[in-house]
Amino acid sequence: MAKVTRDDVARLAGTSTAVVSYVINNGPRPVAPATRERVLAAIKELGYRPDRVAQAMASRRTDLIGLIVPDARQPFFGEMAHAVEQAASERGKMVLVGNSDYLDEREVHYLRAFLGMRVSGLILISQGLSENAAAEIEAWDARVVLLHERPEAIDDVAVVLDDVGGAQLAVRHLLEHGYAYVACIGGMEITPTVGDPVTDHVEGWRRAMTEAGRSTEGRLFQAPYNRYDAYKVALGLLAGPDRPPAIFCATDDQAIGVLRAARELRIDVPGELAVAGFDDVKEAALTDPPLTTVASDRPAMARAAVDLVLDDAVRPASSRRERVRQFPSALVVRRSCGCV
């Protein structure tokens with residue numbers, strides 16, 4: 001069978017090929033409802049499928065949004081990627097996902113690959129943007145929205161959470177239970193990274209402890225973000241002579257590792273140890289006991305990032321929205337902190 005063309009659709013619908021294009025692309029000019037219905041009926045009858053590659057070559061843009069995450073295997077990033085995909089679908093776009101694995105060279109690789117594909121925009125969750133990655137973005141003059149983290153190396157629009165305030169909420173809540181102090185399990189960074197959420201979670205812990213007149217000296221412990229390595233760190237901490245009465249973890253994945261270590265050591269949570277996390281991944285409600293944590297509105301953040309990528313790309317600089325959109329944190333109280 002001969003390939004159905006846009007001309008075929010126009011002839012059957014009794015319109016011009018330009019009108020068919022306006023219907024398919026939802027613009028740039030409006031089409032009368034009755035005419036639109038005729039075009040859509042002709043497309044269905046003929047089985048016409050637009051040539052997306054040709055459209056992309058003509059417009060120098062595709063219907064794709066690039067999304068780079070550190071590690072989609074981690075629940076938080078997996079859930080955030082899913083939220084971005086749903087938000088993009090609502091706007092008629094598809095999402096390409098690349099995992100940087102916390103490696104600068106992989107992040108640069110995906111930046112080059114996605115921008116070379118002429119994506120409509122790029123959403124970047126970076127654990128500290130390298131100079132090479134920042135230079136790549138500048139060289140392509142790409143529309144980039146930073147999500148979850150705003151690295152110091154690049155000055156672009158960002159959608160972030162009140163990470164410091166959220167951590168303060170969790171630590172204050174633990175202290176209100178009467179625990180003598182709250183230890184903190186942060187990331188592996190020796191030098192704090194500006195704009196890094198985990199750095200901000202640790203800062204929120206420090207502020208809450210200082211406000212309560214409690215010392216933080218010797219009470220911050222380093223662990224990778226995943227539950228498996230955090231479990232190993234927690235085994236040593238909880239089996240030692242100075243076991244803390246309460247622990248605030250910078251991520252839920254770390255907190256899940258702590259709960260597993262406590263269970264293995266037969267330490268009752270929350271009777272002998274209180275635990276709180278940050279992120280409110282879906283699994284946090286199913287741990288034993290259910291995990292007290294800090295939540296964010298991930299669907300709203302994802303939608304904001306997609307809107308900023310697609311809408312601001314065509315706006316003059318003078319009319320673009322604020323460069324940083326910060327969403328509030330919310331404390332989700334469950335049994336791991338001592339609440340019934």
# chains A, B, ... in the order shown; residues from 1 in each chain; ligands from 1
>>> residues_around(residues="stretch 125-136 of chain A", least_positions_apart="5", cutoff="7 Å", atoms="only C-alpha atoms", output="list in words")
Ile68, Val69, Pro70, Tyr102, Asp104, Glu107, Val108, Leu146, Leu147, His148, Glu149, Pro151, Ala153, Ile154 and Asp196 of chain A
>>> residues_around(residues="A:Val233", least_positions_apart="6", cutoff="9 Å", atoms="only C-alpha atoms", output="PDB file with N, CA and C atoms, in the first residue's frame")
ATOM      1  N   PHE A 221      26.979  11.162  61.019  1.00  0.00           N
ATOM      2  CA  PHE A 221      27.630   9.976  60.474  1.00  0.00           C
ATOM      3  C   PHE A 221      27.430   9.929  58.962  1.00  0.00           C
ATOM      4  N   GLN A 222      28.429   9.438  58.272  1.00  0.00           N
ATOM      5  CA  GLN A 222      28.387   9.392  56.816  1.00  0.00           C
ATOM      6  C   GLN A 222      27.950   8.014  56.326  1.00  0.00           C
ATOM      7  N   ALA A 223      27.125   8.031  55.281  1.00  0.00           N
ATOM      8  CA  ALA A 223      26.687   6.775  54.663  1.00  0.00           C
ATOM      9  C   ALA A 223      26.243   7.067  53.229  1.00  0.00           C
ATOM     10  N   PRO A 224      26.435   6.125  52.310  1.00  0.00           N
ATOM     11  CA  PRO A 224      25.882   6.292  50.968  1.00  0.00           C
ATOM     12  C   PRO A 224      24.365   6.423  51.034  1.00  0.00           C
ATOM     13  N   GLY A 257      17.451   1.198  55.646  1.00  0.00           N
ATOM     14  CA  GLY A 257      18.619   0.423  56.035  1.00  0.00           C
ATOM     15  C   GLY A 257      18.822   0.409  57.537  1.00  0.00           C
ATOM     16  N   VAL A 258      18.565   1.548  58.197  1.00  0.00           N
ATOM     17  CA  VAL A 258      18.685   1.630  59.658  1.00  0.00           C
ATOM     18  C   VAL A 258      17.655   0.728  60.332  1.00  0.00           C
ATOM     19  N   ALA A 261      18.816  -2.827  60.146  1.00  0.00           N
ATOM     20  CA  ALA A 261      19.896  -3.102  61.092  1.00  0.00           C
ATOM     21  C   ALA A 261      19.358  -3.233  62.512  1.00  0.00           C
TER      22      ALA A 261
END
>>> closest_residue(among="A:Ala139, A:Ala246, A:Met80, A:Val324", to="A:Val281", atoms="only C-alpha atoms")
A:Met80
>>> select_by_dssp(residues="stretch 44-120 of chain A", states="strand (DSSP E or B)", output="MDAnalysis selection string")
chainID A and resid 64:69 94:99
>>> write_last_selection(atoms="N, CA and C atoms", output="short mmCIF file (atom, residue, chain, number, x, y, z; two decimals), in the first residue's frame")
data_model
loop_
_atom_site.label_atom_id
_atom_site.label_comp_id
_atom_site.auth_asym_id
_atom_site.auth_seq_id
_atom_site.Cartn_x
_atom_site.Cartn_y
_atom_site.Cartn_z
N LEU A 64 10.24 15.42 22.43
CA LEU A 64 10.92 14.73 23.51
C LEU A 64 11.45 15.70 24.56
N ILE A 65 11.41 15.25 25.79
CA ILE A 65 12.07 15.95 26.89
C ILE A 65 13.12 15.01 27.45
N GLY A 66 14.33 15.51 27.62
CA GLY A 66 15.38 14.71 28.22
C GLY A 66 15.35 14.83 29.74
N LEU A 67 15.52 13.72 30.42
CA LEU A 67 15.56 13.72 31.89
C LEU A 67 16.79 12.93 32.33
N ILE A 68 17.67 13.56 33.07
CA ILE A 68 18.86 12.89 33.59
C ILE A 68 18.74 12.80 35.11
N VAL A 69 18.84 11.58 35.63
CA VAL A 69 18.74 11.33 37.07
C VAL A 69 20.01 10.63 37.54
N MET A 94 7.04 13.09 25.17
CA MET A 94 7.60 11.86 25.70
C MET A 94 8.92 12.18 26.39
N VAL A 95 9.35 11.28 27.27
CA VAL A 95 10.55 11.52 28.07
C VAL A 95 11.61 10.47 27.79
N LEU A 96 12.83 10.94 27.56
CA LEU A 96 14.00 10.08 27.48
C LEU A 96 14.72 10.17 28.82
N VAL A 97 15.04 9.02 29.43
CA VAL A 97 15.67 9.02 30.74
C VAL A 97 17.07 8.45 30.65
N GLY A 98 18.02 9.15 31.26
CA GLY A 98 19.39 8.67 31.34
C GLY A 98 19.86 8.68 32.79
N ASN A 99 20.59 7.65 33.19
CA ASN A 99 21.12 7.55 34.54
C ASN A 99 22.59 7.94 34.55
#
>>> select_by_dssp(residues="stretch 93-274 of chain A", states="helix (DSSP H, G or I)", output="PyMOL selection string")
chain A and resi 104-116+131-140+163-176+197-211+227-239+252-264
>>> residues_around(residues="A:Gly186", least_positions_apart="6", cutoff="8 Å", atoms="only C-alpha atoms", output="ChimeraX atom specification")
/A:198-199,201-202,220-223,249-250
>>> write_last_selection(atoms="N, CA and C atoms", output="CSV table (one decimal), in the first residue's frame")
chain,number,residue,atom,x,y,z
A,198,VAL,N,20.8,16.8,50.3
A,198,VAL,CA,21.3,16.1,51.4
A,198,VAL,C,22.1,17.1,52.3
A,199,THR,N,22.9,17.9,51.7
A,199,THR,CA,23.6,18.9,52.5
A,199,THR,C,22.6,19.8,53.3
A,201,HIS,N,19.6,18.9,54.2
A,201,HIS,CA,19.0,18.1,55.2
A,201,HIS,C,19.8,18.1,56.5
A,202,VAL,N,21.1,18.0,56.3
A,202,VAL,CA,22.1,18.0,57.4
A,202,VAL,C,22.1,19.4,58.0
A,220,LEU,N,27.1,13.3,63.7
A,220,LEU,CA,26.9,13.2,62.3
A,220,LEU,C,27.7,12.1,61.7
A,221,PHE,N,27.0,11.2,61.0
A,221,PHE,CA,27.6,10.0,60.5
A,221,PHE,C,27.4,9.9,59.0
A,222,GLN,N,28.4,9.4,58.3
A,222,GLN,CA,28.4,9.4,56.8
A,222,GLN,C,27.9,8.0,56.3
A,223,ALA,N,27.1,8.0,55.3
A,223,ALA,CA,26.7,6.8,54.7
A,223,ALA,C,26.2,7.1,53.2
A,249,CYS,N,17.6,10.5,59.3
A,249,CYS,CA,18.4,10.1,58.0
A,249,CYS,C,18.1,11.1,56.9
A,250,ALA,N,19.1,11.4,56.1
A,250,ALA,CA,18.9,12.3,55.1
A,250,ALA,C,18.0,11.8,53.9
